[in-house]
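S.K.: You'll find upload.cif just under this line, and it carries mmCIF, C-alpha atoms.
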data_input
loop_
_atom_site.group_PDB
_atom_site.id
_atom_site.type_symbol
_atom_site.label_atom_id
_atom_site.label_comp_id
_atom_site.auth_asym_id
_atom_site.auth_seq_id
_atom_site.Cartn_x
_atom_site.Cartn_y
_atom_site.Cartn_z
ATOM 1 C CA MET A 16 -4.461 12.329 10.421
ATOM 2 C CA ARG A 17 -2.475 14.710 8.217
ATOM 3 C CA LYS A 18 -0.387 13.141 5.487
ATOM 4 C CA TRP A 19 3.336 13.544 4.999
ATOM 5 C CA PRO A 20 3.557 15.112 1.507
ATOM 6 C CA PRO A 21 5.028 12.821 -1.180
ATOM 7 C CA ARG A 22 7.853 15.237 -1.946
ATOM 8 C CA ALA A 23 8.621 16.036 1.685
ATOM 9 C CA ILE A 24 11.727 13.881 1.559
ATOM 10 C CA GLU A 25 13.329 16.115 -1.057
ATOM 11 C CA SER A 26 12.782 19.289 0.917
ATOM 12 C CA THR A 27 13.881 17.503 4.073
ATOM 13 C CA VAL A 28 17.228 16.041 3.056
ATOM 14 C CA GLY A 29 18.270 19.087 1.066
ATOM 15 C CA GLU A 30 21.501 18.614 -0.818
ATOM 16 C CA VAL A 31 22.022 14.976 0.193
ATOM 17 C CA SER A 32 21.214 13.779 -3.314
ATOM 18 C CA GLU A 33 22.229 10.161 -2.701
ATOM 19 C CA VAL A 34 19.468 9.809 -0.088
ATOM 20 C CA ILE A 35 16.919 11.267 -2.503
ATOM 21 C CA ASP A 36 18.067 8.882 -5.231
ATOM 22 C CA LEU A 37 17.776 5.874 -2.928
ATOM 23 C CA VAL A 38 14.255 6.737 -1.805
ATOM 24 C CA ASN A 39 13.163 7.523 -5.365
ATOM 25 C CA SER A 40 14.649 4.245 -6.596
ATOM 26 C CA MET A 41 12.267 2.360 -4.284
ATOM 27 C CA GLY A 42 9.321 3.689 -6.252
ATOM 28 C CA LEU A 43 7.440 4.465 -3.044
ATOM 29 C CA ILE A 44 7.173 8.184 -3.712
ATOM 30 C CA ALA A 45 5.683 7.483 -7.140
ATOM 31 C CA ALA A 46 3.276 5.037 -5.516
ATOM 32 C CA VAL A 47 2.119 7.728 -3.080
ATOM 33 C CA GLU A 48 1.420 10.135 -5.916
ATOM 34 C CA ASN A 49 -0.395 7.446 -7.898
ATOM 35 C CA PHE A 50 -2.758 6.859 -5.002
ATOM 36 C CA ASP A 51 -4.252 10.320 -4.864
ATOM 37 C CA LEU A 52 -7.764 8.911 -4.993
ATOM 38 C CA GLY A 53 -10.863 9.485 -2.975
ATOM 39 C CA TYR A 54 -12.270 6.374 -1.360
ATOM 40 C CA ASP A 55 -15.387 4.898 -2.926
ATOM 41 C CA LYS A 56 -16.516 2.991 0.151
ATOM 42 C CA PRO A 57 -19.688 1.397 -1.299
ATOM 43 C CA LEU A 58 -17.830 0.078 -4.359
ATOM 44 C CA CYS A 59 -14.870 -1.370 -2.443
ATOM 45 C CA SER A 60 -17.164 -2.883 0.182
ATOM 46 C CA ALA A 61 -19.354 -4.525 -2.459
ATOM 47 C CA PHE A 62 -16.332 -6.236 -3.991
ATOM 48 C CA ALA A 63 -14.672 -7.066 -0.667
ATOM 49 C CA GLU A 64 -17.665 -9.068 0.508
ATOM 50 C CA ARG A 65 -17.181 -11.327 -2.526
ATOM 51 C CA CYS A 66 -13.717 -12.304 -1.303
ATOM 52 C CA TYR A 67 -13.233 -15.992 -0.541
ATOM 53 C CA GLY A 68 -10.272 -16.089 1.839
ATOM 54 C CA GLU A 69 -9.351 -19.742 1.327
ATOM 55 C CA THR A 70 -8.368 -19.108 -2.294
ATOM 56 C CA ASP A 71 -7.772 -15.323 -2.227
ATOM 57 C CA THR A 72 -10.279 -14.874 -5.056
ATOM 58 C CA LEU A 73 -13.371 -12.757 -5.533
ATOM 59 C CA HIS A 74 -16.405 -14.879 -6.351
ATOM 60 C CA LEU A 75 -18.690 -13.358 -8.967
ATOM 61 C CA THR A 76 -21.626 -14.736 -10.912
ATOM 62 C CA PHE A 77 -19.492 -15.742 -13.914
ATOM 63 C CA GLY A 78 -16.499 -17.143 -12.004
ATOM 64 C CA GLU A 79 -13.558 -16.036 -9.900
ATOM 65 C CA LEU A 80 -11.011 -13.217 -10.193
ATOM 66 C CA THR A 81 -8.004 -12.282 -8.112
ATOM 67 C CA VAL A 82 -5.481 -9.483 -7.875
ATOM 68 C CA THR A 83 -2.232 -10.439 -9.607
ATOM 69 C CA PRO A 84 1.400 -9.261 -9.546
ATOM 70 C CA ASN A 85 0.828 -7.503 -12.876
ATOM 71 C CA ASP A 86 -1.951 -5.485 -11.236
ATOM 72 C CA ALA A 87 0.469 -4.400 -8.533
ATOM 73 C CA LYS A 88 3.132 -3.533 -11.102
ATOM 74 C CA PHE A 89 1.002 -1.453 -13.462
ATOM 75 C CA ILE A 90 -1.245 0.202 -10.887
ATOM 76 C CA THR A 91 1.367 1.116 -8.308
ATOM 77 C CA GLY A 92 4.536 1.364 -10.361
ATOM 78 C CA LEU A 93 6.299 -0.738 -7.715
ATOM 79 C CA SER A 94 8.672 -3.539 -8.626
ATOM 80 C CA ILE A 95 7.427 -7.128 -8.467
ATOM 81 C CA GLU A 96 10.971 -8.452 -8.727
ATOM 82 C CA GLY A 97 13.649 -8.420 -6.073
ATOM 83 C CA LYS A 98 14.189 -9.574 -2.511
ATOM 84 C CA ALA A 99 11.216 -10.836 -0.526
ATOM 85 C CA MET A 100 10.135 -8.910 2.574
ATOM 86 C CA ASN A 101 9.957 -12.081 4.618
ATOM 87 C CA TYR A 102 13.556 -13.067 3.937
ATOM 88 C CA LYS A 103 15.553 -15.576 5.958
ATOM 89 C CA GLY A 104 16.520 -13.891 9.182
ATOM 90 C CA TYR A 105 13.520 -11.543 9.270
ATOM 91 C CA ALA A 106 12.060 -11.683 12.782
ATOM 92 C CA GLN A 107 8.283 -12.025 12.852
ATOM 93 C CA GLU A 108 8.184 -10.388 16.292
ATOM 94 C CA LEU A 109 11.118 -8.243 17.421
ATOM 95 C CA GLU A 110 12.155 -8.461 21.055
ATOM 96 C CA TRP A 111 12.389 -5.146 22.915
ATOM 97 C CA GLU A 112 16.168 -5.385 23.134
ATOM 98 C CA ASN A 113 16.371 -5.673 19.348
ATOM 99 C CA ILE A 114 13.915 -2.794 18.929
ATOM 100 C CA TYR A 115 16.142 -0.548 21.015
ATOM 101 C CA THR A 116 19.133 -1.536 18.877
ATOM 102 C CA PHE A 117 17.304 -0.728 15.643
ATOM 103 C CA THR A 118 15.929 2.603 16.854
ATOM 104 C CA LYS A 119 19.409 3.630 17.944
ATOM 105 C CA ASP A 120 20.842 2.814 14.509
ATOM 106 C CA VAL A 121 17.921 4.185 12.504
ATOM 107 C CA PHE A 122 16.684 7.196 14.498
ATOM 108 C CA GLN A 123 19.512 7.824 17.001
ATOM 109 C CA TRP A 124 17.059 7.213 19.842
ATOM 110 C CA ASP A 125 18.150 5.765 23.161
ATOM 111 C CA GLU A 126 16.048 3.285 25.131
ATOM 112 C CA GLU A 127 14.175 5.943 27.099
ATOM 113 C CA ARG A 128 13.313 7.928 23.972
ATOM 114 C CA THR A 129 12.075 4.781 22.256
ATOM 115 C CA LYS A 130 9.821 3.962 25.200
ATOM 116 C CA SER A 131 8.392 7.480 25.279
ATOM 117 C CA GLU A 132 7.575 7.330 21.567
ATOM 118 C CA MET A 133 6.082 3.842 21.487
ATOM 119 C CA LEU A 134 4.611 2.991 24.872
ATOM 120 C CA VAL A 135 1.740 5.461 24.928
ATOM 121 C CA GLY A 136 -0.700 5.134 27.818
ATOM 122 C CA LYS A 137 -1.453 1.525 28.716
ATOM 123 C CA SER A 138 -0.516 0.295 25.254
ATOM 124 C CA LYS A 139 2.413 -2.115 25.168
ATOM 125 C CA GLN A 140 2.161 -2.831 21.459
ATOM 126 C CA ARG A 141 5.228 -2.902 19.273
ATOM 127 C CA ILE A 142 4.094 -0.129 16.945
ATOM 128 C CA PHE A 143 5.150 3.292 15.731
ATOM 129 C CA HIS A 144 2.514 6.016 15.573
ATOM 130 C CA LEU A 145 2.527 7.639 12.127
ATOM 131 C CA SER A 146 1.509 11.057 13.431
ATOM 132 C CA LYS A 147 4.397 11.046 15.914
ATOM 133 C CA LEU A 148 6.898 9.993 13.258
ATOM 134 C CA ARG A 149 5.747 12.854 11.099
ATOM 135 C CA TYR A 150 5.858 15.340 13.977
ATOM 136 C CA ASN A 151 9.363 14.287 15.074
ATOM 137 C CA PHE A 152 11.050 14.433 11.701
ATOM 138 C CA MET A 153 9.372 17.159 9.672
ATOM 139 C CA GLY A 154 10.604 20.727 9.491
ATOM 140 C CA LYS A 155 14.284 20.249 8.674
ATOM 141 C CA LYS A 156 14.086 22.620 5.717
ATOM 142 C CA LYS A 157 12.777 25.351 8.010
ATOM 143 C CA LEU A 158 15.599 24.713 10.476
ATOM 144 C CA ARG A 159 18.107 25.235 7.704
ATOM 145 C CA ALA A 160 16.320 28.388 6.591
ATOM 146 C CA ASP A 161 16.597 29.689 10.165
ATOM 147 C CA GLY A 162 20.349 29.055 10.120
ATOM 148 C CA LYS A 163 20.232 26.091 12.490
ATOM 149 C CA GLU A 164 22.487 23.083 12.014
ATOM 150 C CA VAL A 165 21.053 19.812 10.737
ATOM 151 C CA THR A 166 23.571 16.991 11.127
ATOM 152 C CA PRO A 167 24.069 14.255 8.492
ATOM 153 C CA GLU A 168 22.895 11.716 11.084
ATOM 154 C CA ARG A 169 19.662 13.641 11.513
ATOM 155 C CA ILE A 170 19.167 13.757 7.762
ATOM 156 C CA ILE A 171 19.574 9.987 7.429
ATOM 157 C CA ALA A 172 17.230 9.452 10.393
ATOM 158 C CA THR A 173 14.625 11.642 8.676
ATOM 159 C CA ALA A 174 14.931 9.636 5.463
ATOM 160 C CA ASN A 175 14.462 6.407 7.455
ATOM 161 C CA ALA A 176 11.413 7.850 9.210
ATOM 162 C CA TYR A 177 9.889 8.915 5.913
ATOM 163 C CA VAL A 178 10.313 5.439 4.405
ATOM 164 C CA LEU A 179 8.857 3.806 7.532
ATOM 165 C CA TYR A 180 5.944 6.243 7.347
ATOM 166 C CA LEU A 181 5.301 5.246 3.725
ATOM 167 C CA LEU A 182 5.392 1.572 4.665
ATOM 168 C CA GLY A 183 2.608 2.187 7.180
ATOM 169 C CA ASP A 184 0.645 4.544 4.942
ATOM 170 C CA VAL A 185 1.038 2.974 1.474
ATOM 171 C CA ILE A 186 2.380 -0.593 1.583
ATOM 172 C CA PHE A 187 1.115 -2.071 4.867
ATOM 173 C CA PRO A 188 -1.761 0.139 6.098
ATOM 174 C CA ASP A 189 -4.114 -1.434 8.640
ATOM 175 C CA VAL A 190 -7.662 -0.517 9.580
ATOM 176 C CA SER A 191 -6.439 2.203 11.962
ATOM 177 C CA ALA A 192 -4.485 4.048 9.222
ATOM 178 C CA ALA A 193 -2.473 5.531 12.095
ATOM 179 C CA ARG A 194 0.325 3.117 12.931
ATOM 180 C CA VAL A 195 3.005 0.851 11.527
ATOM 181 C CA SER A 196 4.439 -2.343 12.982
ATOM 182 C CA THR A 197 7.845 -2.081 14.598
ATOM 183 C CA ASN A 198 8.908 -5.217 12.720
ATOM 184 C CA PHE A 199 9.226 -3.207 9.511
ATOM 185 C CA ILE A 200 12.142 -1.245 10.932
ATOM 186 C CA GLN A 201 14.229 -4.286 9.972
ATOM 187 C CA LEU A 202 13.660 -3.415 6.312
ATOM 188 C CA LEU A 203 15.444 -0.077 6.735
ATOM 189 C CA GLN A 204 18.830 -1.630 7.460
ATOM 190 C CA PRO A 205 20.994 -1.278 5.492
ATOM 191 C CA PHE A 206 19.402 1.826 3.994
ATOM 192 C CA ASP A 207 21.227 1.539 0.672
ATOM 193 C CA LYS A 208 19.621 -1.883 0.050
ATOM 194 C CA ILE A 209 15.957 -1.091 0.641
ATOM 195 C CA HIS A 210 15.331 -0.357 -3.034
ATOM 196 C CA LYS A 211 16.097 -4.005 -3.833
ATOM 197 C CA TYR A 212 12.961 -5.349 -2.135
ATOM 198 C CA SER A 213 9.948 -6.443 -4.149
ATOM 199 C CA TRP A 214 7.614 -3.725 -2.887
ATOM 200 C CA GLY A 215 4.937 -4.506 -5.481
ATOM 201 C CA THR A 216 4.679 -8.081 -4.260
ATOM 202 C CA ALA A 217 4.491 -6.798 -0.691
ATOM 203 C CA ILE A 218 1.525 -4.509 -1.324
ATOM 204 C CA LEU A 219 -0.218 -7.328 -3.228
ATOM 205 C CA ALA A 220 0.268 -9.859 -0.419
ATOM 206 C CA HIS A 221 -0.813 -7.377 2.240
ATOM 207 C CA SER A 222 -3.912 -6.318 0.282
ATOM 208 C CA LEU A 223 -5.021 -9.926 -0.190
ATOM 209 C CA ASN A 224 -4.409 -10.625 3.489
ATOM 210 C CA GLU A 225 -6.530 -7.628 4.515
ATOM 211 C CA LEU A 226 -9.320 -8.687 2.150
ATOM 212 C CA ARG A 227 -9.156 -12.130 3.724
ATOM 213 C CA LYS A 228 -9.631 -10.580 7.167
ATOM 214 C CA ALA A 229 -12.450 -8.327 5.954
ATOM 215 C CA SER A 230 -14.390 -11.337 4.647
ATOM 216 C CA ARG A 231 -14.867 -12.648 8.193
ATOM 217 C CA ALA A 232 -18.277 -12.284 9.746
ATOM 218 C CA GLN A 233 -17.156 -10.197 12.729
ATOM 219 C CA ARG A 234 -15.222 -7.606 10.711
ATOM 220 C CA ASN A 235 -16.827 -4.346 9.616
ATOM 221 C CA GLN A 236 -13.747 -2.565 8.241
ATOM 222 C CA ILE A 237 -11.323 -3.150 5.385
ATOM 223 C CA GLY A 238 -7.597 -2.648 5.823
ATOM 224 C CA GLY A 239 -4.923 -2.362 3.187
ATOM 225 C CA ASN A 240 -4.494 0.255 0.483
ATOM 226 C CA MET A 241 -8.026 0.987 -0.649
ATOM 227 C CA ALA A 242 -6.834 3.121 -3.560
ATOM 228 C CA PHE A 243 -5.083 0.027 -4.937
ATOM 229 C CA LEU A 244 -8.260 -2.061 -4.663
ATOM 230 C CA GLN A 245 -10.337 0.726 -6.164
ATOM 231 C CA ALA A 246 -7.969 1.170 -9.117
ATOM 232 C CA TRP A 247 -8.035 -2.607 -9.652
ATOM 233 C CA ILE A 248 -11.842 -2.511 -9.865
ATOM 234 C CA TYR A 249 -11.751 0.363 -12.349
ATOM 235 C CA MET A 250 -9.198 -1.407 -14.551
ATOM 236 C CA HIS A 251 -11.025 -4.738 -14.728
ATOM 237 C CA PHE A 252 -14.579 -3.364 -14.577
ATOM 238 C CA PRO A 253 -14.617 -0.089 -16.573
ATOM 239 C CA ILE A 254 -18.376 0.242 -16.098
ATOM 240 C CA PHE A 255 -17.721 1.276 -12.495
ATOM 241 C CA SER A 256 -15.248 3.958 -13.477
ATOM 242 C CA GLN A 257 -18.267 6.007 -14.518
ATOM 243 C CA ARG A 258 -18.542 6.812 -10.828
ATOM 244 C CA SER A 259 -15.379 8.887 -11.278
ATOM 245 C CA PHE A 260 -13.725 10.933 -13.989
ATOM 246 C CA GLU A 261 -10.533 10.269 -15.908
ATOM 247 C CA ASN A 262 -7.594 12.352 -14.829
ATOM 248 C CA LYS A 263 -6.728 14.598 -17.785
ATOM 249 C CA GLU A 264 -3.100 14.798 -16.667
ATOM 250 C CA TRP A 265 -2.606 11.038 -16.653
ATOM 251 C CA ASP A 266 0.825 10.330 -18.184
ATOM 252 C CA HIS A 267 0.108 6.681 -19.130
ATOM 253 C CA ARG A 268 2.983 5.428 -16.951
ATOM 254 C CA TYR A 269 1.027 3.938 -14.053
ATOM 255 C CA TYR A 270 -2.668 3.230 -13.797
ATOM 256 C CA GLY A 271 -3.019 4.204 -10.147
ATOM 257 C CA ASP A 272 -3.512 7.859 -11.036
ATOM 258 C CA LYS A 273 -5.745 7.327 -14.068
ATOM 259 C CA TYR A 274 -8.964 7.842 -12.145
ATOM 260 C CA THR A 275 -9.896 10.342 -9.495
ATOM 261 C CA TYR A 276 -13.007 9.594 -7.489
ATOM 262 C CA ILE A 277 -15.074 12.709 -6.833
ATOM 263 C CA SER A 278 -18.574 11.463 -6.145
ATOM 264 C CA LYS A 279 -19.773 11.715 -2.557
ATOM 265 C CA PRO A 280 -23.003 9.732 -2.304
ATOM 266 C CA ARG A 281 -25.289 11.064 0.380
ATOM 267 C CA ASN A 282 -26.834 7.717 1.050
ATOM 268 C CA GLN A 283 -23.990 5.201 0.978
ATOM 269 C CA LYS A 284 -26.145 2.330 2.210
ATOM 270 C CA LYS A 285 -28.562 2.776 -0.679
ATOM 271 C CA ASP A 286 -25.649 3.057 -3.096
ATOM 272 C CA TYR A 287 -24.099 -0.083 -1.633
ATOM 273 C CA LEU A 288 -27.264 -2.127 -2.155
ATOM 274 C CA LYS A 289 -27.479 -0.906 -5.751
ATOM 275 C CA LEU A 290 -23.886 -2.018 -6.389
ATOM 276 C CA ARG A 291 -24.635 -5.410 -4.871
ATOM 277 C CA ARG A 292 -27.398 -5.903 -7.442
ATOM 278 C CA GLN A 293 -25.036 -4.802 -10.211
ATOM 279 C CA LEU A 294 -22.488 -7.408 -9.190
ATOM 280 C CA ASP A 295 -25.181 -10.064 -9.168
ATOM 281 C CA ASN A 296 -25.952 -9.263 -12.801
ATOM 282 C CA LEU A 297 -22.403 -8.923 -14.174
ATOM 283 C CA THR A 298 -21.448 -10.946 -17.241
ATOM 284 C CA THR A 299 -18.114 -11.665 -18.893
ATOM 285 C CA LYS A 300 -18.903 -9.037 -21.541
ATOM 286 C CA VAL A 301 -18.106 -6.201 -19.112
ATOM 287 C CA VAL A 302 -14.929 -7.706 -17.664
ATOM 288 C CA VAL A 303 -11.448 -6.776 -18.868
ATOM 289 C CA TYR A 304 -9.352 -9.779 -17.895
ATOM 290 C CA ASP A 305 -6.013 -8.404 -19.040
ATOM 291 C CA PRO A 306 -6.049 -4.583 -19.147
ATOM 292 C CA TYR A 307 -2.250 -4.489 -19.505
ATOM 293 C CA LYS A 308 -2.034 -6.713 -22.593
ATOM 294 C CA GLU A 309 -0.761 -3.937 -24.856
ATOM 295 C CA ASP A 310 1.783 -2.774 -22.298
ATOM 296 C CA LEU A 311 3.103 -6.292 -21.827
ATOM 297 C CA ALA A 312 3.326 -6.799 -25.588
ATOM 298 C CA LYS A 313 5.576 -3.740 -25.895
ATOM 299 C CA VAL A 314 8.195 -5.293 -23.623
ATOM 300 C CA LYS A 315 10.228 -7.550 -25.887
ATOM 301 C CA GLY A 316 10.644 -11.058 -24.589
ATOM 302 C CA LYS A 317 8.183 -10.616 -21.737
ATOM 303 C CA LYS A 318 4.856 -10.909 -23.489
ATOM 304 C CA ILE A 319 2.385 -12.859 -21.405
ATOM 305 C CA VAL A 320 -0.523 -14.545 -23.120
ATOM 306 C CA CYS A 321 -3.663 -14.498 -20.994
ATOM 307 C CA GLU A 322 -6.713 -16.579 -21.789
ATOM 308 C CA GLU A 323 -9.871 -14.720 -20.895
ATOM 309 C CA GLN A 324 -11.480 -17.846 -19.514
ATOM 310 C CA SER A 325 -10.184 -21.283 -18.675
ATOM 311 C CA ASP A 326 -11.695 -24.335 -17.056
ATOM 312 C CA TYR A 327 -10.162 -26.048 -14.045
ATOM 313 C CA LEU A 328 -11.142 -29.280 -12.356
ATOM 314 C CA GLY A 329 -9.259 -30.313 -9.250
ATOM 315 C CA PRO A 330 -8.614 -29.493 -5.600
ATOM 316 C CA LEU A 331 -8.241 -25.989 -4.245
ATOM 317 C CA PHE A 332 -5.277 -25.547 -1.926
ATOM 318 C CA HIS A 333 -4.355 -22.570 0.235
ATOM 319 C CA PRO A 334 -1.116 -22.556 2.256
ATOM 320 C CA ARG A 335 -2.938 -21.158 5.302
ATOM 321 C CA GLY A 336 -5.271 -24.147 5.192
#
Represent the supplied structure as structure tokens.
M.R.:
Amino acid sequence: MRKWPPRAIESTVGEVSEVIDLVNSMGLIAAVENFDLGYDKPLCSAFAERCYGETDTLHLTFGELTVTPNDAKFITGLSIEGKAMNYKGYAQELEWENIYTFTKDVFQWDEERTKSEMLVGKSKQRIFHLSKLRYNFMGKKKLRADGKEVTPERIIATANAYVLYLLGDVIFPDVSAARVSTNFIQLLQPFDKIHKYSWGTAILAHSLNELRKASRAQRNQIGGNMAFLQAWIYMHFPIFSQRSFENKEWDHRYYGDKYTYISKPRNQKKDYLKLRRQLDNLTTKVVVYDPYKEDLAKVKGKKIVCEEQSDYLGPLFHPRG
């Protein structure tokens, strides 16, 4: 599936600067640009199989590690403060009548148009297809260049579609990498409030949930943002970053674009088995527990002290039981 370019929103909405500012304020566009990584399948798979879903931790020979809010903040550049996605009043499963209401407000689609876009073939799932969203709302700049009118309503609808596309492609990607849940359309209303959500926390929660699913015996795919997981591995285990090269244009703002994976192993199964053995022999000497220590220390009043190792004796509790 072709991607919607990170800066497409700017060329799409043209002179409507307030829409550009709102989308930029979310940090999602920056997150897209920070995730311009190839996918090191053997490395991510080797770590994913160490995931223990009951505690959302990765079990290694020397102990356990997990992905934290600080990882989401420094790798993605997304905020870990703000309103929760699953706020009071958020419907876990939208009824069709409510879907039609949202699509009318967000995309100016009537009921028949909504059905034609969503109910493809025998599928009755409440999902939007990313490729169709992209096809329906791209090309507004060309229309303007051809002298055709683009209404303000159409511009706002395009901005909504772009944000929804990013939610399915960056924040909440599933194993298909081709669709986004209809439930997320609730997050687009009102449009001028979407930048207040804690998007960093959302990508963290979704990534851990997808790792939890991938750890099950019957699963053979990993969902979630793999570039986020891969960057997390590179930051905490620099020895594996040798499988890539450091981006010379890295601006030291976010760590998601620090590494660019270029290696394309011909025999991924062999590479995977080699990485398994490496993980079995890891020691604490090669682990960076707090790669953002210096960055945190620079923020006055928000320095977080992190012990490299600590002992814990007691029960393990997970809210999903």
S.K.: If we draw a sphere of 10 Å around (-22.2, -7.6, -10.6), which residues have at least one atom in it when counting all atoms listed in the file? Please report them as a PyMOL selection string.
M.R.: chain A and resi 61-62+75-77+252+289-298+301
S.K.: Run the PyMOL selection byres ((chain A and resi 89-106) around 6) against the file shown and list the residues it catches, as a PyMOL selection string.
M.R.: chain A and resi 42+46+86-88+107-109+211-216+269-271
S.K.: Give as a VMD selection string each residue that has an atom at most 12 Å from (10.6, -8.8, 23.6) in the file, counting only C-alpha atoms.
M.R.: chain A and resid 106 to 115 139 to 141 197 to 198
S.K.: Since I can't run it myself right now, could you work out what the PyMOL selection byres ((chain A and resi 223-235) around 7) selects here and report it as number ranges by chain?
M.R.: A: 63-64, 66, 68, 71, 219-222, 236-239
S.K.: Run through the PyMOL selection byres ((chain A and resi 145) around 6) on the given coordinates and return the selected residues as number ranges by chain.
M.R.: A: 144, 146-148, 193-194
